[in-house]
Amino acid sequence: MIADPRLPRSVSIREVGPRDGLQNEEVILATAQKVQLIDRLADAGLTLIEVGAFVRPANVPQMADTAEVFAALPRRPGVTYSAIVPNVIGARRAIAARADALQVFLSASESHNRSNVNMSIEQSLTQAADIAAVAREAGVHFEAVVSVAFGCPFEGDVPLERVMDLTARLFDLGAGQITFGDTTGMGHPGLVRALLQAFYARFPQARPRLHLHSARGAGLANVLMALQLGVDCFDASVGGIGGCPFAPGAPGNICTEDLAHMLHEMGISTGIHLPTLLDVARMLEGMLGRTVPGQTMKAGICKHLPPDGSPRR
């Protein structure tokens with residue numbers, strides 16, 4: 001097989017299962033189970049792992065022990081262990097827990113932002129400025145996630161100009177990278193193309209990341225469109241678990257092992273050892289006591305890939 005020369009040769013995958021995945025589960029894993037999950041994900045070759053969120057336990061009880069998870073983690077050289085923070089209090093807690101990177105999240109619609117963090121967008125931007133200052137002082141990488149960038153479950157279409165204006169303000173605050181979230185799976189390839197074209201027209205030197213959901217089955221199709229436009233950074237969740245507990249119709253992150261398998265079939269490197277990652281997905285299924293959405297763990301690695309599941313050449 002000859003890889004398409006127009007596509008990236010390699011892709012960076014940030015694993016969000018320990019945070020975005022587990023936050024939507026009824027079963028709350030023990031701290032030791034979360035540590036085991038994260039360590040096994042590192043075993044599989046994932047070097048960007050979203051450990052948890054420093055949010056109010058009353059709102060997201062699944063994340064109540066994030067500080068304890070950070071404290072118990074055996075840190076791997078070369079692995080970035082990040083945390084989601086909605087405000088400066090969360091940022092300080094994350095710094096105290098020795099998070100390697102902070103991600104502030106805010107929404108492109110007022111309705112979702114208030115549902116998600118109980119603040120207006122302007123209030124979230126004020127918090128983002130304070131978080132950026134905390135990160136700078138601590139020498140920690142600061143990034144931003146724009147949720148519902150492809151559509152809001154409360155307001156419907158979100159104007160691309162609003163998304164780009166919000167992106168500009170976050171870059172001005174010092175965000176090293178912007179992640180666009182398809183929080184409820186409302187994105188489709190045409191919309192992905194439109195958003196990315198608007199992004200590159202306004203920020204030609206920037207490198208976006210996409211956080212896509214498969215709630216309506218378009219997740220990997222959206223990845224392909226993004227690849228064709230040069231995107232090489234994606235979020236994904238082991239087993240395909242997760243979603244936003246503050247938005248209706250938000251299940252289903254794209255599945256890490258399904259994404260990696262597709263990319264490897266296309267000759268695109270990820271640094272992931274697929275057999276190990278499939279073992280992690282099966283372990284997670286046992287922890288949760290339910291079948292998870294991922295498909296590759298059920299079908300197995302295609303025979304036209306090498307035995308270790310590495311990319312075709």
# chains A, B, ... in the order shown; residues from 1 in each chain; ligands from 1
>>> select_by_dssp(residues="stretch 90-158 of chain A", states="alpha helix (DSSP H)", output="NGL selection string")
:A and (90-96 or 110-117 or 121-138)
>>> closest_atom_pairs(of="stretch 160-205 of chain A", to="stretch 97-103 of chain A", cutoff="10 Å", atoms="only C-alpha atoms", output="CSV")
residue,atom,partner,partner_atom,distance
A:Ala175,CA,A:Gln103,CA,8.9
A:Gly176,CA,A:Gln103,CA,9.9
A:Gln177,CA,A:Gln103,CA,9.5
A:Ile178,CA,A:Gln103,CA,9.4
A:Thr179,CA,A:Gln103,CA,9.3
>>> write_last_selection(atoms="N, CA, C and O atoms", output="PDB file, in the first residue's frame")
ATOM      1  N   ALA A 175      -2.736  30.917  24.755  1.00  0.00           N
ATOM      2  CA  ALA A 175      -3.000  29.489  24.533  1.00  0.00           C
ATOM      3  C   ALA A 175      -2.042  28.951  23.489  1.00  0.00           C
ATOM      4  O   ALA A 175      -1.908  29.501  22.392  1.00  0.00           O
ATOM      5  N   GLY A 176      -1.380  27.843  23.821  1.00  0.00           N
ATOM      6  CA  GLY A 176      -0.427  27.242  22.898  1.00  0.00           C
ATOM      7  C   GLY A 176      -1.098  26.507  21.756  1.00  0.00           C
ATOM      8  O   GLY A 176      -0.518  26.355  20.677  1.00  0.00           O
ATOM      9  N   GLN A 177      -2.303  26.026  21.997  1.00  0.00           N
ATOM     10  CA  GLN A 177      -3.067  25.324  20.967  1.00  0.00           C
ATOM     11  C   GLN A 177      -4.547  25.445  21.293  1.00  0.00           C
ATOM     12  O   GLN A 177      -4.923  25.520  22.463  1.00  0.00           O
ATOM     13  N   ILE A 178      -5.374  25.454  20.249  1.00  0.00           N
ATOM     14  CA  ILE A 178      -6.822  25.482  20.412  1.00  0.00           C
ATOM     15  C   ILE A 178      -7.381  24.153  19.941  1.00  0.00           C
ATOM     16  O   ILE A 178      -7.048  23.682  18.847  1.00  0.00           O
ATOM     17  N   THR A 179      -8.226  23.558  20.782  1.00  0.00           N
ATOM     18  CA  THR A 179      -8.944  22.341  20.416  1.00  0.00           C
ATOM     19  C   THR A 179     -10.395  22.700  20.147  1.00  0.00           C
ATOM     20  O   THR A 179     -11.036  23.376  20.957  1.00  0.00           O
TER      21      THR A 179
END
>>> closest_residue(among="A:Pro307, A:Gly190, A:Gly252, A:Pro77", to="A:Gly217", atoms="only C-alpha atoms")
A:Gly252
>>> select_by_dssp(residues="stretch 57-174 of chain A", states="strand (DSSP E)", output="PyMOL selection string")
chain A and resi 80-85+101-107+141-147
>>> write_last_selection(atoms="N, CA, C and O atoms", output="compact mmCIF listing (two decimals), in the first residue's frame")
# COMPACT_ATOMS: atom_id res chain seq x y z
N THR A 80 3.00 13.43 28.72
CA THR A 80 2.40 14.65 29.26
C THR A 80 1.07 14.29 29.91
O THR A 80 0.16 13.79 29.25
N TYR A 81 0.98 14.55 31.22
CA TYR A 81 -0.24 14.27 31.98
C TYR A 81 -0.96 15.61 32.22
O TYR A 81 -0.49 16.44 33.00
N SER A 82 -2.08 15.80 31.54
CA SER A 82 -2.76 17.10 31.57
C SER A 82 -4.04 17.05 32.40
O SER A 82 -4.53 15.98 32.75
N ALA A 83 -4.56 18.25 32.67
CA ALA A 83 -5.81 18.36 33.44
C ALA A 83 -6.67 19.46 32.85
O ALA A 83 -6.17 20.47 32.35
N ILE A 84 -7.97 19.23 32.91
CA ILE A 84 -8.95 20.24 32.54
C ILE A 84 -9.24 21.12 33.76
O ILE A 84 -9.43 20.60 34.87
N VAL A 85 -9.27 22.43 33.55
CA VAL A 85 -9.59 23.35 34.65
C VAL A 85 -10.58 24.40 34.15
O VAL A 85 -10.37 25.00 33.09
N ALA A 101 0.26 20.03 32.02
CA ALA A 101 -0.39 20.99 31.13
C ALA A 101 -1.80 21.27 31.62
O ALA A 101 -2.44 20.38 32.20
N LEU A 102 -2.26 22.49 31.39
CA LEU A 102 -3.62 22.88 31.78
C LEU A 102 -4.43 23.17 30.52
O LEU A 102 -3.94 23.81 29.59
N GLN A 103 -5.66 22.70 30.53
CA GLN A 103 -6.58 22.99 29.43
C GLN A 103 -7.81 23.69 30.01
O GLN A 103 -8.54 23.10 30.82
N VAL A 104 -8.02 24.93 29.61
CA VAL A 104 -9.24 25.63 29.99
C VAL A 104 -10.30 25.31 28.95
O VAL A 104 -9.99 25.17 27.76
N PHE A 105 -11.53 25.13 29.38
CA PHE A 105 -12.58 24.85 28.40
C PHE A 105 -13.70 25.87 28.57
O PHE A 105 -14.08 26.24 29.66
N LEU A 106 -14.15 26.35 27.42
CA LEU A 106 -15.30 27.24 27.38
C LEU A 106 -16.04 26.99 26.08
O LEU A 106 -15.52 26.35 25.17
N SER A 107 -17.27 27.42 26.05
CA SER A 107 -18.16 27.06 24.94
C SER A 107 -18.32 28.20 23.96
O SER A 107 -18.19 29.38 24.32
N HIS A 141 2.45 24.32 30.45
CA HIS A 141 1.81 24.57 29.15
C HIS A 141 0.32 24.86 29.35
O HIS A 141 -0.36 24.21 30.14
N PHE A 142 -0.19 25.84 28.59
CA PHE A 142 -1.58 26.27 28.69
C PHE A 142 -2.24 26.14 27.32
O PHE A 142 -1.73 26.65 26.32
N GLU A 143 -3.38 25.42 27.29
CA GLU A 143 -4.14 25.25 26.06
C GLU A 143 -5.60 25.58 26.33
O GLU A 143 -6.02 25.72 27.48
N ALA A 144 -6.39 25.68 25.25
CA ALA A 144 -7.81 26.00 25.39
C ALA A 144 -8.64 25.06 24.52
O ALA A 144 -8.23 24.68 23.42
N VAL A 145 -9.81 24.71 25.04
CA VAL A 145 -10.77 23.87 24.32
C VAL A 145 -12.03 24.68 24.10
O VAL A 145 -12.61 25.22 25.05
N VAL A 146 -12.46 24.81 22.84
CA VAL A 146 -13.70 25.49 22.50
C VAL A 146 -14.77 24.42 22.27
O VAL A 146 -14.75 23.72 21.26
N SER A 147 -15.69 24.29 23.23
CA SER A 147 -16.75 23.29 23.12
C SER A 147 -17.86 23.77 22.19
O SER A 147 -17.97 24.96 21.89
>>> closest_residue(among="A:Thr66, A:Thr296, A:Gln123, A:Ser310", to="A:Gly267", atoms="only C-alpha atoms")
A:Ser310
>>> closest_residue(among="A:Gly243, A:Arg6, A:Asp65, A:Val55", to="A:Gln33", atoms="only C-alpha atoms")
A:Asp65
>>> closest_residue(among="A:Leu7, A:Leu195, A:Val134, A:Ile13", to="A:Leu259", atoms="only C-alpha atoms")
A:Ile13
>>> atom_distance(atom1="atom CA of A:Gly185", atom2="atom CA of A:Ala149")
10.4 Å
>>> closest_residue(among="A:Glu137, A:Glu26, A:Asp165, A:Asp43", to="A:Ala198", atoms="only C-alpha atoms")
A:Asp165
>>> atom_distance(atom1="atom CA of A:Leu170", atom2="atom CA of A:Val238")
28.4 Å
>>> residues_around(residues="A:Ala64", least_positions_apart="4", cutoff="12 Å", atoms="only C-alpha atoms", output="list in words")
Arg19, Leu22, Gln23, Ile28, Leu29, Ala30, Thr31, Lys34, Gly52, Ala53, Phe54, Val55, Arg56, Pro57, Ala58, Asn59, Val60, Glu68, Val69, Phe70 and Gly90 of chain A
>>> closest_residue(among="A:Ser214, A:Ser120, A:Gln295, A:Thr256", to="A:Glu15", atoms="only C-alpha atoms")
A:Thr256
>>> decode(residues="stretch 196-211 of chain A", atoms="all heavy atoms", output="compact mmCIF listing (two decimals), in the first residue's frame")
# COMPACT_ATOMS: atom_id res chain seq x y z
N LEU A 196 -12.33 24.52 9.46
CA LEU A 196 -10.88 24.51 9.30
C LEU A 196 -10.42 25.53 8.26
O LEU A 196 -9.38 26.17 8.43
CB LEU A 196 -10.40 23.11 8.92
CG LEU A 196 -10.50 22.08 10.04
CD1 LEU A 196 -10.18 20.68 9.53
CD2 LEU A 196 -9.56 22.43 11.20
N GLN A 197 -11.18 25.70 7.20
CA GLN A 197 -10.82 26.72 6.22
C GLN A 197 -10.88 28.11 6.84
O GLN A 197 -10.00 28.95 6.59
CB GLN A 197 -11.75 26.63 5.01
CG GLN A 197 -11.46 25.42 4.12
CD GLN A 197 -12.47 25.25 3.00
OE1 GLN A 197 -13.59 25.76 3.05
NE2 GLN A 197 -12.08 24.52 1.97
N ALA A 198 -11.89 28.35 7.69
CA ALA A 198 -11.98 29.63 8.39
C ALA A 198 -10.81 29.81 9.35
O ALA A 198 -10.24 30.90 9.47
CB ALA A 198 -13.30 29.73 9.14
N PHE A 199 -10.43 28.73 10.02
CA PHE A 199 -9.32 28.78 10.97
C PHE A 199 -8.01 29.10 10.25
O PHE A 199 -7.27 30.01 10.65
CB PHE A 199 -9.21 27.45 11.71
CG PHE A 199 -8.06 27.37 12.67
CD1 PHE A 199 -8.18 27.85 13.96
CD2 PHE A 199 -6.85 26.83 12.27
CE1 PHE A 199 -7.11 27.79 14.85
CE2 PHE A 199 -5.77 26.77 13.15
CZ PHE A 199 -5.91 27.24 14.45
N TYR A 200 -7.70 28.37 9.18
CA TYR A 200 -6.43 28.57 8.49
C TYR A 200 -6.37 29.94 7.82
O TYR A 200 -5.28 30.54 7.71
CB TYR A 200 -6.20 27.47 7.45
CG TYR A 200 -5.88 26.13 8.05
CD1 TYR A 200 -6.58 24.98 7.67
CD2 TYR A 200 -4.86 25.98 9.00
CE1 TYR A 200 -6.28 23.74 8.21
CE2 TYR A 200 -4.55 24.75 9.54
CZ TYR A 200 -5.27 23.62 9.15
OH TYR A 200 -4.97 22.39 9.69
N ALA A 201 -7.52 30.44 7.36
CA ALA A 201 -7.54 31.77 6.75
C ALA A 201 -7.17 32.85 7.76
O ALA A 201 -6.50 33.84 7.42
CB ALA A 201 -8.91 32.06 6.15
N ARG A 202 -7.57 32.64 9.01
CA ARG A 202 -7.32 33.67 10.03
C ARG A 202 -6.04 33.41 10.83
O ARG A 202 -5.40 34.37 11.29
CB ARG A 202 -8.52 33.71 10.97
CG ARG A 202 -8.52 34.91 11.89
CD ARG A 202 -9.91 35.29 12.30
NE ARG A 202 -9.93 36.28 13.35
CZ ARG A 202 -11.03 36.71 13.95
NH1 ARG A 202 -12.20 36.23 13.56
NH2 ARG A 202 -10.98 37.61 14.91
N PHE A 203 -5.67 32.14 10.97
CA PHE A 203 -4.49 31.79 11.78
C PHE A 203 -3.61 30.83 10.98
O PHE A 203 -3.48 29.64 11.32
CB PHE A 203 -4.91 31.15 13.11
CG PHE A 203 -6.01 31.88 13.83
CD1 PHE A 203 -7.32 31.42 13.79
CD2 PHE A 203 -5.73 33.05 14.52
CE1 PHE A 203 -8.32 32.09 14.45
CE2 PHE A 203 -6.73 33.74 15.18
CZ PHE A 203 -8.04 33.26 15.15
N PRO A 204 -2.99 31.29 9.91
CA PRO A 204 -2.30 30.38 8.98
C PRO A 204 -1.12 29.64 9.58
O PRO A 204 -0.74 28.58 9.06
CB PRO A 204 -1.85 31.32 7.85
CG PRO A 204 -1.86 32.70 8.44
CD PRO A 204 -2.96 32.69 9.45
N GLN A 205 -0.55 30.15 10.66
CA GLN A 205 0.61 29.49 11.25
C GLN A 205 0.24 28.56 12.41
O GLN A 205 1.12 27.89 12.96
CB GLN A 205 1.60 30.55 11.76
CG GLN A 205 2.06 31.52 10.70
CD GLN A 205 2.68 30.84 9.49
OE1 GLN A 205 3.49 29.92 9.64
NE2 GLN A 205 2.29 31.28 8.31
N ALA A 206 -1.03 28.49 12.77
CA ALA A 206 -1.44 27.72 13.95
C ALA A 206 -1.74 26.27 13.59
O ALA A 206 -2.02 25.94 12.43
CB ALA A 206 -2.66 28.37 14.60
N ARG A 207 -1.69 25.43 14.60
CA ARG A 207 -1.91 23.99 14.44
C ARG A 207 -3.09 23.58 15.31
O ARG A 207 -2.96 23.43 16.52
CB ARG A 207 -0.64 23.25 14.87
CG ARG A 207 -0.62 21.75 14.64
CD ARG A 207 0.65 21.18 15.26
NE ARG A 207 0.80 19.75 15.04
CZ ARG A 207 1.62 18.96 15.74
NH1 ARG A 207 2.35 19.50 16.71
NH2 ARG A 207 1.70 17.67 15.47
N PRO A 208 -4.27 23.38 14.72
CA PRO A 208 -5.45 23.07 15.54
C PRO A 208 -5.49 21.61 15.98
O PRO A 208 -4.82 20.75 15.40
CB PRO A 208 -6.60 23.37 14.58
CG PRO A 208 -6.04 23.01 13.24
CD PRO A 208 -4.59 23.43 13.29
N ARG A 209 -6.29 21.35 17.00
CA ARG A 209 -6.59 19.97 17.44
C ARG A 209 -8.10 19.82 17.40
O ARG A 209 -8.84 20.75 17.71
CB ARG A 209 -6.05 19.73 18.85
CG ARG A 209 -6.34 18.32 19.40
CD ARG A 209 -5.74 18.15 20.79
NE ARG A 209 -4.29 18.16 20.76
CZ ARG A 209 -3.54 17.09 20.51
NH1 ARG A 209 -4.12 15.91 20.28
NH2 ARG A 209 -2.23 17.19 20.49
N LEU A 210 -8.56 18.63 17.03
CA LEU A 210 -10.00 18.36 16.99
C LEU A 210 -10.38 17.32 18.03
O LEU A 210 -9.69 16.30 18.20
CB LEU A 210 -10.43 17.87 15.60
CG LEU A 210 -10.30 18.84 14.44
CD1 LEU A 210 -10.97 18.26 13.19
CD2 LEU A 210 -10.89 20.20 14.77
N HIS A 211 -11.48 17.60 18.72
CA HIS A 211 -12.07 16.70 19.70
C HIS A 211 -13.44 16.31 19.15
O HIS A 211 -14.40 17.07 19.26
CB HIS A 211 -12.18 17.40 21.06
CG HIS A 211 -12.81 16.58 22.13
ND1 HIS A 211 -12.10 16.07 23.19
CD2 HIS A 211 -14.09 16.17 22.33
CE1 HIS A 211 -12.91 15.39 23.99
NE2 HIS A 211 -14.13 15.45 23.48
